[in-house]
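Q: Pasting in a structure now, in structure tokens, and then I'll have a few things to ask.
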Amino acid sequence: MEAKQGDDVILRCFLEPEFNLSASTVDWSRVDLYKRPPVHVYRSKKDDPRAQMDRYRDRTTLNHKELSRGNADLLISSVQPSDSGSYECYIPKLKVGCTIDLAVEKENQQSTTGPPEEDREPHRKVPVAAVAAGLVVVAAVVVGLIVFLVKRGKIQIG
């Protein structure tokens, strides 16, 4: 995602099928920074600004009404070039999340990378069931490979 300095941006994170996140913890963090500092934390049915990085204080908003529909989009107001980086939305209860890269251009600087805004693909919803099914398939392949290698005598267990 690209933005210009001073813009307000919305980092998209939502579940399909819808899942009520109102009583869940929602952690937004910067995964590209040391110790993944919190950008915005929602827990116990409210925002927790004590856990938040100072530079994001009073600049982030999570729409609490939308949480009941599985929408954990985060609004960051007045972005700065220092806000450029990788953001992760993570819901610990469900062990799901998404990562979004944000690039903030300085004022009066034009981008020469990427397609024009109208040519970009829109953010796609990833069904939770599809992610779970994918993980099951990967696990089955790994177990099958291990069993195959044990039977062939390539690896020994025990």
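How things are named: the first chain in the structure tokens is A, the next is B, and so on; residues count from 1 in each chain; ligands count from 1 in the order shown.
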Residues of range 11-90 of chain A in strand (DSSP E or B) according to DSSP, as a list in words?

A: Leu11, Phe14, Glu16, Val26, Asp27, Trp28, Ser29, Arg30, Pro38, Val39, His40, Val41, Tyr42, Arg43, Lys46, Asp47, Thr60, Thr61, Leu62, Asn71, Leu74, Leu75, Ile76, Gly85, Ser86, Tyr87, Glu88, Cys89 and Tyr90 of chain A

Q: Between CA of Lys106 in chain A and CA of Lys4 in chain A, what is the distance in Å, rounded to a tenth?

A: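 That distance, rounded to one decimal, is 6.3 Å.
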
Q: Write out as a PyMOL selection string which residues come within 9 Å of Gln52 in chain A when counting only C-alpha atoms, dropping same-chain ones fewer than 5 positions away.

A: chain A and resi 29+37-41+57

Q: Which residue is closest to Lys45 in chain A? Choose from A:Thr25, A:Ile100, A:Ser86, A:Asn63 and count only C-alpha atoms.

A: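 The answer is A:Thr25, which sits nearest to Lys45 in chain A.
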
Q: Nearest to Leu62 in chain A among A:Ile155, A:Leu11, A:Ala3, A:Leu102, with distances taken over only C-alpha atoms: which residue is it?

A: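 Closest residue, counting only C-alpha atoms: A:Leu11.
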